[in-house]
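query24.txt follows; it contains compact mmCIF, C-alpha atoms.
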```
# COMPACT_ATOMS: atom_id res chain seq x y z
CA MET A 133 -14.50 2.35 -16.96
CA VAL A 134 -10.84 1.64 -16.45
CA PRO A 135 -10.34 -0.73 -13.51
CA VAL A 136 -8.25 0.92 -10.81
CA TRP A 137 -7.72 -1.35 -7.87
CA GLY A 138 -6.35 -0.95 -4.36
CA GLU A 139 -5.90 -2.28 -0.82
CA ALA A 140 -3.33 -5.07 -1.32
CA ARG A 141 0.34 -4.89 -2.21
CA SER A 142 -0.43 -7.76 -4.57
CA THR A 143 -2.85 -7.09 -7.43
CA ALA A 144 -5.93 -8.26 -5.54
CA ALA A 145 -9.03 -6.15 -5.98
CA ALA A 146 -9.78 -3.39 -3.53
CA VAL A 147 -13.09 -4.85 -2.51
CA LEU A 148 -11.51 -8.20 -1.64
CA ALA A 149 -8.73 -6.56 0.34
CA CYS A 150 -11.12 -4.38 2.29
CA ILE A 151 -12.89 -7.57 3.34
CA LEU A 152 -9.67 -9.35 4.27
CA VAL A 153 -7.68 -6.66 6.06
CA PRO A 154 -9.82 -6.38 9.21
CA SER A 155 -8.97 -9.97 10.06
CA VAL A 156 -5.28 -9.24 10.08
CA LEU A 157 -3.87 -10.34 13.38
CA THR A 158 -2.75 -13.34 15.33
CA GLY A 159 -0.81 -13.55 18.54
CA CYS A 160 -0.96 -12.30 22.10
CA ALA A 161 -3.93 -10.29 23.32
CA THR A 162 -2.06 -8.33 26.00
CA VAL A 163 -3.49 -4.83 26.43
CA MET A 164 -1.03 -2.08 25.60
CA ALA A 165 -1.17 1.10 27.65
CA GLY A 166 -1.09 4.56 26.17
CA THR A 167 -3.28 6.99 24.32
CA PRO A 168 -1.77 9.14 21.57
CA VAL A 169 -1.76 12.89 22.08
CA GLU A 170 -4.10 14.57 19.63
CA THR A 171 -2.54 17.04 17.20
CA PRO A 172 -4.39 19.41 14.88
CA PRO A 173 -4.74 17.99 11.37
CA ALA A 174 -2.85 19.65 8.55
CA PRO A 175 -4.90 21.71 6.10
CA VAL A 176 -5.91 19.52 3.17
CA ASP A 177 -5.77 21.13 -0.26
CA TYR A 178 -7.86 19.81 -3.13
CA LEU A 179 -5.88 17.32 -5.21
CA ALA A 180 -7.00 16.49 -8.73
CA PRO A 181 -5.68 12.97 -9.41
CA ASN A 182 -3.86 12.26 -12.65
CA THR A 183 -6.25 10.12 -14.70
CA HIS A 184 -3.74 9.77 -17.56
CA SER A 185 -6.20 11.18 -20.08
CA ARG A 186 -8.69 8.42 -19.32
CA SER A 187 -12.35 8.74 -18.44
CA ILE A 188 -12.86 7.07 -15.06
CA GLY A 189 -15.46 7.26 -12.33
CA PRO A 190 -15.32 9.09 -8.98
CA SER A 191 -14.58 5.92 -6.99
CA ASP A 192 -11.52 5.19 -9.10
CA LYS A 193 -10.46 8.82 -8.86
CA MET A 194 -10.49 8.43 -5.07
CA LEU A 195 -8.07 5.50 -5.36
CA LEU A 196 -5.78 7.57 -7.56
CA GLU A 197 -5.92 10.48 -5.12
CA VAL A 198 -5.05 8.25 -2.16
CA ALA A 199 -2.09 6.82 -4.12
CA GLU A 200 -0.85 10.34 -4.90
CA ARG A 201 -1.18 11.45 -1.28
CA LEU A 202 0.73 8.37 -0.12
CA ARG A 203 3.56 9.23 -2.52
CA ARG A 204 3.73 12.69 -0.96
CA LEU A 205 3.75 11.32 2.61
CA ASP A 206 7.17 10.81 4.20
CA PRO A 207 7.27 7.47 6.07
CA CYS A 208 10.41 8.57 7.89
CA GLY A 209 8.45 11.57 9.18
CA LEU A 210 6.11 9.08 10.87
CA LEU A 211 8.86 6.99 12.48
CA PRO A 212 9.89 8.76 15.72
CA GLU A 213 13.65 8.34 15.94
CA PRO A 214 13.90 9.59 19.56
CA VAL A 215 11.56 6.81 20.68
CA VAL A 216 13.71 4.12 19.04
CA ALA A 217 16.83 5.75 20.49
CA ARG A 218 15.56 4.99 23.99
CA TYR A 219 16.38 1.35 23.30
CA GLY A 220 19.87 1.78 21.88
CA GLU A 221 22.25 3.60 19.55
CA ILE A 222 20.74 4.34 16.12
CA ARG A 223 23.02 2.86 13.48
CA GLN A 224 20.80 3.15 10.42
CA PHE A 225 17.79 5.33 9.61
CA GLY A 226 15.94 5.71 6.33
CA PRO A 227 14.15 3.78 3.57
CA GLN A 228 15.55 0.27 3.13
CA ARG A 229 12.79 -2.06 1.96
CA ALA A 230 10.56 0.09 -0.28
CA LEU A 231 9.91 3.74 -1.03
CA ASP A 232 6.88 3.77 1.28
CA THR A 233 8.78 2.31 4.24
CA CYS A 234 11.29 3.64 6.74
CA THR A 235 13.58 1.62 9.00
CA ALA A 236 15.49 2.48 12.14
CA VAL A 237 18.17 0.02 13.23
CA ALA A 238 19.44 0.35 16.80
CA HIS A 239 22.12 -1.47 18.74
CA PRO A 240 20.59 -2.42 22.11
CA SER A 241 22.40 -0.76 25.00
CA GLU A 242 23.14 -4.05 26.78
CA GLY A 243 23.35 -6.23 23.68
CA ALA A 244 26.22 -8.12 22.11
CA LYS A 245 27.94 -6.34 19.25
CA TYR A 246 25.93 -8.10 16.54
CA ASP A 247 22.54 -7.66 18.26
CA GLU A 248 20.04 -5.44 16.48
CA LEU A 249 16.65 -3.89 17.04
CA ASP A 250 14.92 -3.28 13.69
CA VAL A 251 11.88 -0.93 13.66
CA THR A 252 10.07 -0.44 10.33
CA ILE A 253 6.97 1.50 9.33
CA ASP A 254 5.26 0.29 6.14
CA LEU A 255 2.54 2.45 4.60
CA SER A 256 1.39 -0.28 2.17
CA PRO A 257 1.67 -3.62 3.97
CA VAL A 258 0.46 -6.88 2.50
CA PRO A 259 -2.79 -7.75 4.30
CA SER A 260 -3.03 -11.07 6.13
CA THR A 261 -6.15 -13.19 6.50
CA ASP A 262 -5.01 -14.84 9.74
CA GLY A 263 -5.95 -13.88 13.25
CA GLN A 264 -8.45 -11.53 14.79
CA ARG A 265 -8.71 -8.00 16.15
CA ASP A 266 -6.60 -7.43 19.23
CA ARG A 267 -7.74 -4.18 20.84
CA SER A 268 -8.07 -0.43 20.41
CA PHE A 269 -5.20 2.00 20.92
CA GLY A 270 -6.96 5.15 21.99
CA ASP A 271 -9.53 5.62 19.24
CA THR A 272 -7.52 3.60 16.72
CA GLU A 273 -8.08 -0.11 16.25
CA VAL A 274 -4.81 -2.02 16.37
CA TYR A 275 -4.10 -5.59 15.35
CA ARG A 276 -1.10 -7.49 16.63
CA THR A 277 0.96 -10.40 15.36
CA THR A 278 3.93 -11.94 17.13
CA SER A 279 6.39 -14.65 16.18
CA VAL A 280 9.46 -16.26 17.67
CA HIS A 281 12.36 -17.63 15.65
CA GLU A 282 15.65 -19.20 16.58
CA ASN A 283 17.55 -15.89 16.62
CA SER A 284 14.82 -13.26 16.50
CA LEU A 285 11.58 -12.01 18.05
CA ASP A 286 8.94 -10.15 16.01
CA CYS A 287 5.97 -7.97 16.84
CA THR A 288 3.85 -6.19 14.22
CA LEU A 289 1.08 -3.71 14.93
CA THR A 290 -1.37 -2.98 12.10
CA PHE A 291 -3.43 0.20 12.32
CA ALA A 292 -5.76 2.29 10.17
CA LEU A 293 -3.99 5.10 8.30
CA ASP A 294 -6.27 8.10 7.88
CA ILE A 295 -5.59 9.55 4.43
CA PRO A 296 -7.77 12.55 3.48
CA VAL A 297 -9.73 12.41 0.23
CA THR A 298 -11.08 15.50 -1.52
CA VAL A 299 -12.56 13.90 -4.64
CA THR A 300 -16.34 13.81 -4.27
CA ALA A 301 -17.96 10.41 -4.72
CA ASP A 302 -20.90 8.44 -3.37
CA ALA A 303 -18.61 5.53 -2.54
CA VAL A 304 -16.85 5.21 0.82
CA PRO A 305 -13.19 6.29 0.65
CA PRO A 306 -10.84 3.29 0.53
CA SER A 307 -9.50 2.10 3.87
CA ARG A 308 -5.74 2.20 4.31
CA PHE A 309 -3.63 0.30 6.80
CA ALA A 310 -0.03 0.66 7.90
CA THR A 311 2.24 -1.39 10.13
CA ILE A 312 4.89 -0.86 12.77
CA ALA A 313 7.10 -3.95 12.81
CA VAL A 314 9.76 -4.51 15.47
CA THR A 315 12.31 -7.32 15.27
CA GLN A 316 15.05 -8.09 17.77
CA TYR A 317 17.96 -10.05 16.31
CA ARG A 318 20.12 -11.84 18.88
CA SER A 319 23.54 -13.23 18.07
CA ALA A 320 25.10 -16.33 19.59
CA GLU A 321 27.01 -14.09 22.01
CA SER A 322 23.82 -12.51 23.40
CA SER A 323 23.13 -12.70 27.10
CA GLY A 324 20.54 -11.24 29.39
CA GLU A 325 16.84 -10.72 28.79
CA SER A 326 15.19 -10.09 25.46
CA ILE A 327 13.78 -6.67 24.63
CA PRO A 328 9.96 -6.57 24.92
CA VAL A 329 9.39 -5.99 21.22
CA CYS A 330 5.63 -5.41 21.53
CA ALA A 331 6.28 -2.72 24.13
CA VAL A 332 8.72 -1.05 21.72
CA ALA A 333 6.12 -1.24 18.95
CA ALA A 334 3.49 0.30 21.24
CA ASP A 335 5.80 3.17 22.20
CA VAL A 336 6.56 3.89 18.53
CA LEU A 337 2.92 3.62 17.48
CA SER A 338 1.79 6.05 20.17
CA GLU A 339 4.03 8.75 18.74
CA THR A 340 3.29 7.79 15.12
CA LEU A 341 -0.44 8.25 15.68
CA ALA A 342 0.28 11.71 17.05
CA LEU A 343 2.27 12.56 13.91
CA VAL A 344 -0.20 11.25 11.30
CA PRO A 345 -2.58 14.26 11.37
CA SER A 346 0.26 16.59 10.35
CA LEU A 347 0.84 14.53 7.15
CA PRO A 348 4.63 15.12 7.02
CA GLY A 349 5.73 15.60 3.43
CA ARG A 350 8.82 14.22 1.75
CA PRO A 351 11.88 16.44 1.37
CA THR A 352 11.73 18.32 -1.95
CA SER A 353 15.39 19.34 -1.92
CA GLY A 354 18.68 18.42 -0.31
CA PRO A 355 20.25 15.02 0.37
CA GLY A 356 17.01 13.51 1.74
CA ARG A 357 15.13 13.99 -1.51
CA ILE A 358 14.25 10.86 -3.51
CA ARG A 359 12.94 11.98 -6.88
CA LEU A 360 11.49 8.58 -7.77
CA ALA A 361 9.36 8.64 -4.60
CA ALA A 362 7.28 11.46 -6.10
CA ALA A 363 6.78 9.73 -9.46
CA ASP A 364 3.62 8.00 -10.68
CA PRO A 365 4.27 4.44 -11.94
CA CYS A 366 1.15 4.67 -14.15
CA GLU A 367 2.49 7.68 -16.06
CA ILE A 368 3.17 5.52 -19.12
CA VAL A 369 -0.57 4.79 -19.44
CA GLY A 370 -1.01 8.20 -21.05
CA SER A 371 1.30 7.24 -23.91
CA PHE A 372 -1.11 4.52 -25.07
CA ALA A 373 -4.26 5.16 -27.09
CA PRO A 374 -7.32 3.80 -25.24
CA GLU A 375 -7.77 1.01 -27.77
CA GLU A 376 -4.17 -0.12 -27.24
CA LEU A 377 -4.80 -1.21 -23.65
CA VAL A 378 -6.96 -4.08 -22.45
CA GLY A 379 -6.91 -2.40 -19.04
CA TRP A 380 -4.76 -0.82 -16.34
CA GLN A 381 -4.94 -0.61 -12.58
CA ILE A 382 -3.22 1.10 -9.70
CA ASP A 383 -2.20 -1.32 -6.98
CA SER A 384 -2.76 -0.49 -3.33
CA ASP A 385 0.99 -0.05 -3.30
CA PRO A 386 1.21 3.51 -4.69
CA TYR A 387 4.42 2.58 -6.48
CA ARG A 388 3.01 -0.30 -8.54
CA CYS A 389 0.98 -0.07 -11.75
CA VAL A 390 -0.33 -3.05 -13.68
CA LEU A 391 -1.34 -2.75 -17.32
CA THR A 392 -2.26 -5.12 -20.11
CA PRO A 393 -1.60 -3.90 -23.65
CA HIS A 394 -3.13 -5.45 -26.75
CA GLN A 395 -0.84 -7.80 -28.64
CA ASP A 396 -1.54 -8.21 -32.34
CA GLY A 397 -2.07 -11.87 -33.12
CA ALA A 398 -1.09 -13.01 -29.64
CA ALA A 399 -2.51 -13.28 -26.16
CA PRO A 400 -2.07 -10.04 -24.20
CA GLU A 401 0.79 -9.77 -21.74
CA THR A 402 0.52 -8.24 -18.28
CA TRP A 403 3.17 -5.73 -17.25
CA SER A 404 3.77 -4.79 -13.63
CA ILE A 405 5.70 -1.53 -13.26
CA TYR A 406 7.19 -1.01 -9.82
CA TYR A 407 9.20 1.89 -8.40
CA GLY A 408 11.25 0.57 -5.50
CA LEU A 409 14.63 0.01 -3.93
CA GLU A 410 17.28 -2.45 -5.01
CA PRO A 411 20.49 -3.33 -3.16
CA GLU A 412 23.40 -1.20 -4.29
CA PHE A 413 24.17 -2.39 -7.78
CA ALA A 414 26.96 -4.93 -8.19
CA PRO A 415 27.62 -7.68 -10.74
CA PRO A 416 24.88 -10.31 -10.40
CA ASP A 417 25.82 -13.42 -8.44
CA ARG A 418 22.90 -15.59 -9.55
CA ASP A 419 22.84 -17.89 -12.54
CA ASP A 420 19.43 -16.60 -13.67
CA VAL A 421 20.45 -12.90 -13.58
CA ARG A 422 22.48 -11.15 -16.25
CA GLU A 423 23.57 -7.61 -16.96
CA VAL A 424 22.39 -5.77 -20.04
CA THR A 425 23.47 -2.29 -21.14
CA PHE A 426 21.06 -0.30 -23.29
CA GLU A 427 21.50 3.36 -24.23
CA GLY A 428 24.11 3.77 -21.52
CA LEU A 429 21.95 2.32 -18.73
CA THR A 430 22.95 -0.94 -17.01
CA LEU A 431 20.05 -3.21 -16.15
CA HIS A 432 19.68 -6.53 -14.37
CA VAL A 433 17.57 -9.07 -16.23
CA ARG A 434 16.20 -12.17 -14.53
CA GLU A 435 14.39 -14.88 -16.47
CA THR A 436 12.51 -17.56 -14.54
CA GLY A 437 10.46 -19.97 -16.60
CA ASP A 438 7.80 -17.92 -18.36
CA SER A 439 8.37 -14.74 -16.38
CA CYS A 440 10.75 -11.85 -16.65
CA ARG A 441 12.05 -9.19 -14.21
CA ILE A 442 14.13 -6.22 -15.34
CA SER A 443 15.50 -3.63 -12.91
CA ALA A 444 17.09 -0.31 -13.83
CA PRO A 445 18.76 1.98 -11.25
CA ILE A 446 18.00 5.64 -11.87
CA GLU A 447 19.29 7.62 -8.87
CA SER A 448 22.25 7.77 -6.54
CA VAL A 449 22.69 5.34 -3.67
CA ILE A 450 20.65 5.98 -0.52
CA ASP A 451 22.99 5.37 2.42
CA THR A 452 21.01 4.89 5.65
CA ASN A 453 24.12 4.26 7.77
CA ARG A 454 24.88 6.79 10.47
CA PRO A 455 28.37 8.31 10.24
CA GLY A 456 30.71 6.90 12.85
CA ALA A 457 28.40 4.07 13.87
CA GLU A 458 29.97 0.67 14.28
CA ARG A 459 29.42 -1.39 11.14
CA TYR A 460 28.12 -4.63 12.59
CA ASN A 461 24.77 -4.21 10.84
CA ARG A 462 22.94 -7.14 9.29
CA SER A 463 22.23 -5.14 6.13
CA ARG A 464 24.58 -2.82 4.27
CA GLY A 465 21.95 -0.09 4.45
CA ARG A 466 22.76 1.07 0.92
CA ASN A 467 20.05 0.87 -1.73
CA VAL A 468 19.33 2.39 -5.11
CA PRO A 469 15.97 3.75 -6.35
CA ALA A 470 15.09 1.63 -9.34
CA VAL A 471 12.41 1.09 -11.96
CA ILE A 472 11.41 -2.57 -12.10
CA LEU A 473 9.36 -4.15 -14.89
CA MET A 474 7.87 -7.62 -14.43
CA SER A 475 5.99 -9.54 -17.08
CA ASP A 476 4.50 -12.97 -17.67
CA THR A 477 6.66 -13.50 -20.75
CA PRO A 478 10.06 -15.11 -21.28
CA ASN A 479 11.00 -12.51 -23.92
CA CYS A 480 13.00 -10.30 -21.59
CA ASP A 481 15.19 -8.74 -24.27
CA ASP A 482 12.10 -7.38 -26.02
CA LEU A 483 11.16 -5.48 -22.84
CA VAL A 484 14.56 -3.88 -22.20
CA PRO A 485 13.84 -0.80 -24.39
CA LEU A 486 10.47 -0.33 -22.66
CA THR A 487 12.13 -0.48 -19.23
CA VAL A 488 14.66 2.17 -20.27
CA GLU A 489 11.83 4.34 -21.66
CA ILE A 490 9.96 4.11 -18.35
CA ALA A 491 13.15 4.85 -16.41
CA ASP A 492 13.89 7.90 -18.58
CA GLY A 493 10.39 9.25 -18.03
CA ALA A 494 10.17 8.52 -14.31
CA LEU A 495 12.17 11.56 -13.23
CA THR A 496 10.91 14.06 -15.79
```
As C-alpha cells:
Amino acid sequence: MVPVWGEARSTAAAVLACILVPSVLTGCATVMAGTPVETPPAPVDYLAPNTHSRSIGPSDKMLLEVAERLRRLDPCGLLPEPVVARYGEIRQFGPQRALDTCTAVAHPSEGAKYDELDVTIDLSPVPSTDGQRDRSFGDTEVYRTTSVHENSLDCTLTFALDIPVTVTADAVPPSRFATIAVTQYRSAESSGESIPVCAVAADVLSETLALVPSLPGRPTSGPGRIRLAAADPCEIVGSFAPEELVGWQIDSDPYRCVLTPHQDGAAPETWSIYYGLEPEFAPPDRDDVREVTFEGLTLHVRETGDSCRISAPIESVIDTNRPGAERYNRSRGRNVPAVILMSDTPNCDDLVPLTVEIADGALT
C-alpha cells in the first residue's frame, strides 16, 4: 500500500502528529469569554479522492479526501475582516504566507504610523510539542501560546478544524487543526497601551468557528481566483509506473507531496513538491541563488550543500494591499503563486526540466 501521510506540515507521519498535536500550547491560562453562534453545516457531497491510478486503502483515501477538501476551502472566507477592522484600518488582506493561509494587516487606530496588527489564519499549521491544553471555547477545545519580543506581542490560538469525510473506512478520520495568530508590531515611536492580542484572537476565533460549518469555497473566477490553489501537488505521481517509485506520500499540508523515485545504479532521491507563495520575483540578492531560464520560464535555483531548491512562478502577482491605504506596511504584500521543488541532491540543473514539467502541468 502506498504510504500517504498527514498531520504535520513537515513530513512526519500522521500517527505521530496526531499524538503530538494535542499537547500544542504554552502560555497564559486566562479564560476567554464567548461562545460561537451555531450555523447550519453546508451539504457535503461525496468526493472521490484522486488516487493517481494507485491501489491504496480506505484510510489513505481519507487522507487524500481531506487534502482535496482543504484545497477547496477558502482561508480568507474564514477570516472575518469586519472583526479585525474593529481594531484599525485594514491595509492588507489576502494570502501572504502560503496558499492555505490568509492575513489581515490593520493599522491600530491610536498607533504610530509604522505600528501594525497582523492577524493570520493557517489551515495547516506546524504542530508544537510544547505546552498543555488551555481551555474550551464553546464546544471547541482551544490551545493558546503567547510570546513577547522586543518590538512585538504574539498570541496564537490552535483549534480543531472539522473537515467532513465521505470515504468509508474503519479507521478514525484524521484530526485537523488550524490556528489564529495575532501579532502586534510596535515601532520606536509607539506610545500608549498595547493591544490585547489574545482578546483580538478570541474575537476572530469566535466568528471563524461560526463560519467553518458553511465551508466557504475559493473563488472560481474573477480577480480573487488562484488557479494553483486548486491543484494537486501529487498529480505527477500518475506519470510514473508503479515500479518506478519507491513510495509517495501526501503531507498534512495539502500543497506538499513527497515522492521517492528509483534511481538506476544510485541511491534513490527524495523530491518534495510544494505549491506555495514566493515574494514577487526580482533578481536574486543571495550568493547561493541564481536565475535559470528554461523553455521561456525563469526559475530561481538555490544550492545549499547537498540540497537543492528550485522555484518557478506560474501565475500573476497577488497584491493584498488595499487601494489608497498608506504604504507603511512591514511586508510588500505582493506574492506570486509558485511551484517549488526541493531535493536532497546537489544536482540542481538536472531537476530544472522536471520543475518546468510540474509547473506546466499544475494549471492544466
| Pick from A:Pro240, A:Pro365, A:Gly379, A:Gly354 nearest to Pro328 in chain A, counting only C-alpha atoms |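 Answer, going by the shortest atom-to-atom distance: A:Pro240.
If you measure from each of A:Thr311, A:Thr277, A:Ser439, A:Thr298 to Cys330 in chain A using only C-alpha atoms, the closest one turns out to be A:Thr277.
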| said: From the options A:Asp254, A:Ala292, A:Thr452, A:Pro355, which residue's atoms come nearest to Ala236 in chain A, counting all atoms listed in the file? | reply: A:Thr452
| request: For each of A:Gly437, A:Pro351, A:Pro393, A:Gly220, take the minimum atom-to-atom distance to Pro478 in chain A, counting all atoms listed in the file, then give the residue where this is smallest. | output: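 Of A:Gly437, A:Pro351, A:Pro393, A:Gly220, the one nearest Pro478 in chain A, counting all atoms listed in the file, is A:Gly437.
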| request: Using only C-alpha atoms, pick whichever of A:Val378, A:Ala491, A:Ile295, A:Ala398 has the shortest atom-to-atom distance to Leu429 in chain A. | output: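 Selected residue with least distance to Leu429 in chain A: A:Ala491.
With CA of Ala373 in chain A on one side and CA of Pro181 in chain A on the other, the separation reads 19.4 Å.
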| Looking at all atoms listed in the file, which of A:Gly397, A:Gly349, A:Pro257, A:Gly189 is the one that sits closest to Gly209 in chain A? | A:Gly349
Do a neighbour search on Pro386 in chain A at 7 Å with all atoms listed in the file, toss out local chain neighbours closer than 5 positions, and write the hits as an mmCIF file with C-alpha atoms, in the frame of the given file.
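Saved to selection-v7.cif:
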```cif
data_model
loop_
_atom_site.group_PDB
_atom_site.id
_atom_site.type_symbol
_atom_site.label_atom_id
_atom_site.label_comp_id
_atom_site.auth_asym_id
_atom_site.auth_seq_id
_atom_site.Cartn_x
_atom_site.Cartn_y
_atom_site.Cartn_z
ATOM 1 C CA ALA A 199 -2.090 6.820 -4.120
ATOM 2 C CA LEU A 202 0.730 8.370 -0.120
ATOM 3 C CA ARG A 203 3.560 9.230 -2.520
#
```
| query | Any idea what the distance is between CA of Gln316 in chain A and CA of Ile253 in chain A? | reply |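 Taking CA of Gln316 in chain A as the start and CA of Ile253 in chain A as the end point, the length is 15.1 Å.
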| message | Counting only C-alpha atoms, I want the residues whose atoms come within 10 Å of (16.9, 6.7, 9.3) in the file frame, returned as an MDAnalysis selection string. | response | chainID A and resid 208:209 211:213 222:228 234:237 252 451:454 465
| task | Pull the neighbourhood of (11.0, -11.4, 16.4) for me: all residues within 10 Å in file coordinates, counting only C-alpha atoms, as a ChimeraX atom specification. | result | /A:249-250,278-288,313-318,327-330
| request: Grab the CA of Val216 in chain A to CA of Thr233 in chain A distance for me, in Å with one decimal place. | output: 15.7 Å
